[in-house]
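Take a look at the structure below.
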There are 2 protein chains.
Amino acid sequence: MEIKLKPIGIIHSPFKKKEDMDSKKYADFRGFDSIQGELEIFKEYEKGLKDVEGFSHLVVLFAFHKSEGYKLHTKPLLGGILRGVFATRSPNRPNPIGMTVVKVLERNRNRLKVSGVDMIEGTPILDIKPFTSRDQKSRIKLGWLKKKMNR
Amino acid sequence: MEIKLKPIGIIHSPFKKKEDMDSKKYADFRGFDSIQGELEIFKEYEKGLKDVEGFSHLVVLFAFHKSEGYKLHTKPLLGGILRGVFATRSPNRPNPIGMTVVKVLERNRNRLKVSGVDMIEGTPILDIKPFTSRDQKSRIKLGWLKKKMNR
């Protein structure tokens, strides 16, 4: 069984290439909150954006298009010992899809100005969903990340 | 450009078919919190689960395998007027991928017992990621959903 997806848009980001993202610099739990960028949705999908501006936050699914293969045990960018890839947010994973919740600043037709951008310029967007109360959880435990994230 | 994905596992759910999920019954913002199920990860990916049990919650990306096509304007299950598909969590979307945050109850080798299951039996799992503080947002606005969700 194979699932085929195609981009519905691309992300414009101040990070022009992977090396521009210094993960240690952004290790704080508010990490990328202030980083602004734009979600450009292809014209043919623009109608699907109706009502999105009513939501303060959106879930963005995207392709890690610069990812090249993966290992099931991987060393996180924040350092330390090898972790299971599913216990990390590494771009190098069996299905290289990323998920980031961004804040909507402004919509201009097929372009959404957002903050919270941790993707690089040109990243293909696969889906946009409203972020809802159901995606909020209480009393979360952070496993190995606890000591790495400044929270 | 086309992105090809393949399942890394399947979901076991008390909902055996689409019709078993009465969305009105689960409209509360705590909707599916008590619904238990199992994430069965294929043996070949089991190593990648190392350390996941340290996290209380996981982001599950999955294929809406029963989805058949989409419309850019769609009527939500909870009723009301037509909405842009990207302002809904409808399974019928350009790239039929779902995202649900589940709570980890127990790990047994390649099987994770979880709660918060809103997928149907046999749903293909595409990815599992740790849910972190970065995925938590404050002061969220729910747009059209505000009147529909009991919160």
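Residue numbering restarts at 1 in every chain; chains get A, B, ... in the order shown in the structure tokens, and ligands count up from 1 in that same order.
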Report task. Within 8 Å of chain B, which residues of chain A are there when counting only C-alpha atoms? Please give them as a ChimeraX atom specification. Result -> /A:1-8,29-31,45,47-57,63,72-73,83-89,94-95,97,100-101,126-137,140-144,151
If we count only C-alpha atoms, what is near A:Leu39 at a cut-off of 9 Å, once residues fewer than 6 positions away on the same chain are taken out, given as an mmCIF file with N, CA and C atoms, in the first residue's frame?
data_model
loop_
_atom_site.group_PDB
_atom_site.id
_atom_site.type_symbol
_atom_site.label_atom_id
_atom_site.label_comp_id
_atom_site.auth_asym_id
_atom_site.auth_seq_id
_atom_site.Cartn_x
_atom_site.Cartn_y
_atom_site.Cartn_z
ATOM 1 N N GLY A 9 0.846 23.926 -1.514
ATOM 2 C CA GLY A 9 1.441 25.257 -1.425
ATOM 3 C C GLY A 9 2.876 25.160 -0.966
ATOM 4 N N ILE A 10 3.504 26.324 -0.747
ATOM 5 C CA ILE A 10 4.871 26.297 -0.219
ATOM 6 C C ILE A 10 5.039 27.327 0.906
ATOM 7 N N ILE A 11 6.038 27.074 1.718
ATOM 8 C CA ILE A 11 6.309 27.944 2.863
ATOM 9 C C ILE A 11 7.434 28.911 2.537
ATOM 10 N N HIS A 12 7.185 30.188 2.886
ATOM 11 C CA HIS A 12 8.262 31.175 2.770
ATOM 12 C C HIS A 12 8.784 31.464 4.169
ATOM 13 N N SER A 13 10.075 31.345 4.311
ATOM 14 C CA SER A 13 10.697 31.371 5.633
ATOM 15 C C SER A 13 11.961 32.210 5.623
ATOM 16 N N ASN A 110 -4.577 34.084 -1.109
ATOM 17 C CA ASN A 110 -4.003 32.734 -0.956
ATOM 18 C C ASN A 110 -2.732 32.727 -0.105
ATOM 19 N N ARG A 111 -2.474 33.847 0.574
ATOM 20 C CA ARG A 111 -1.258 33.918 1.395
ATOM 21 C C ARG A 111 -1.609 34.176 2.864
ATOM 22 N N LEU A 112 -1.027 33.377 3.730
ATOM 23 C CA LEU A 112 -1.254 33.542 5.170
ATOM 24 C C LEU A 112 0.055 33.936 5.832
ATOM 25 N N LYS A 113 0.030 35.105 6.465
ATOM 26 C CA LYS A 113 1.211 35.523 7.227
ATOM 27 C C LYS A 113 1.089 34.874 8.604
ATOM 28 N N VAL A 114 2.121 34.167 9.015
ATOM 29 C CA VAL A 114 2.055 33.413 10.275
ATOM 30 C C VAL A 114 3.321 33.606 11.097
ATOM 31 N N ILE A 125 3.905 22.449 1.404
ATOM 32 C CA ILE A 125 2.801 22.293 2.364
ATOM 33 C C ILE A 125 1.889 21.168 1.891
#
Requested in this report: Work out how far apart atom CA of A:Pro91 and atom CA of A:Ser67 are and give it in Å to one decimal.
Outcome: 5.9 Å
Requested in this report: Report the residues of chain B whose backbone DSSP state falls under strand (DSSP E or B), written as a PyMOL selection string.
Outcome: chain B and resi 3-5+9-12+36-41+55+57-63+73-74+83-84+97-108+111-115+123-130+142
Query raised in the report: Any idea what's packed within 10 Å of B:Leu78, counting only C-alpha atoms, ignoring anything in its chain fewer than 5 positions away? Could you give it as a ChimeraX atom specification?
Result: /B:22-27,145,148-149
Based on the selection just made, write N, CA and C atoms of those residues as an mmCIF file, in the first residue's frame.
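Output (selection-v6.cif):
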data_model
loop_
_atom_site.group_PDB
_atom_site.id
_atom_site.type_symbol
_atom_site.label_atom_id
_atom_site.label_comp_id
_atom_site.auth_asym_id
_atom_site.auth_seq_id
_atom_site.Cartn_x
_atom_site.Cartn_y
_atom_site.Cartn_z
ATOM 1 N N ASP B 22 -20.354 8.676 16.024
ATOM 2 C CA ASP B 22 -21.435 9.661 16.007
ATOM 3 C C ASP B 22 -20.839 11.002 16.455
ATOM 4 N N SER B 23 -20.556 11.863 15.477
ATOM 5 C CA SER B 23 -19.805 13.073 15.831
ATOM 6 C C SER B 23 -20.538 13.974 16.821
ATOM 7 N N LYS B 24 -21.841 13.960 16.768
ATOM 8 C CA LYS B 24 -22.585 14.818 17.714
ATOM 9 C C LYS B 24 -22.364 14.339 19.147
ATOM 10 N N LYS B 25 -22.352 13.008 19.313
ATOM 11 C CA LYS B 25 -22.124 12.423 20.634
ATOM 12 C C LYS B 25 -20.768 12.842 21.206
ATOM 13 N N TYR B 26 -19.787 13.032 20.308
ATOM 14 C CA TYR B 26 -18.427 13.326 20.758
ATOM 15 C C TYR B 26 -18.043 14.791 20.579
ATOM 16 N N ALA B 27 -19.063 15.664 20.446
ATOM 17 C CA ALA B 27 -18.787 17.073 20.124
ATOM 18 C C ALA B 27 -18.111 17.831 21.259
ATOM 19 N N LEU B 145 -15.942 27.038 14.849
ATOM 20 C CA LEU B 145 -16.102 25.874 15.721
ATOM 21 C C LEU B 145 -16.539 26.262 17.126
ATOM 22 N N LYS B 148 -19.835 25.306 18.115
ATOM 23 C CA LYS B 148 -20.119 23.881 17.906
ATOM 24 C C LYS B 148 -19.497 23.004 18.986
ATOM 25 N N MET B 149 -18.314 23.399 19.452
ATOM 26 C CA MET B 149 -17.646 22.597 20.478
ATOM 27 C C MET B 149 -18.099 23.063 21.836
#
Report task. Rounded to one decimal place, report the atom CA of B:Glu40-atom CA of B:Met21 distance in Å. Result ->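 We find that atom CA of B:Glu40 and atom CA of B:Met21 lie 20.9 Å from each other.
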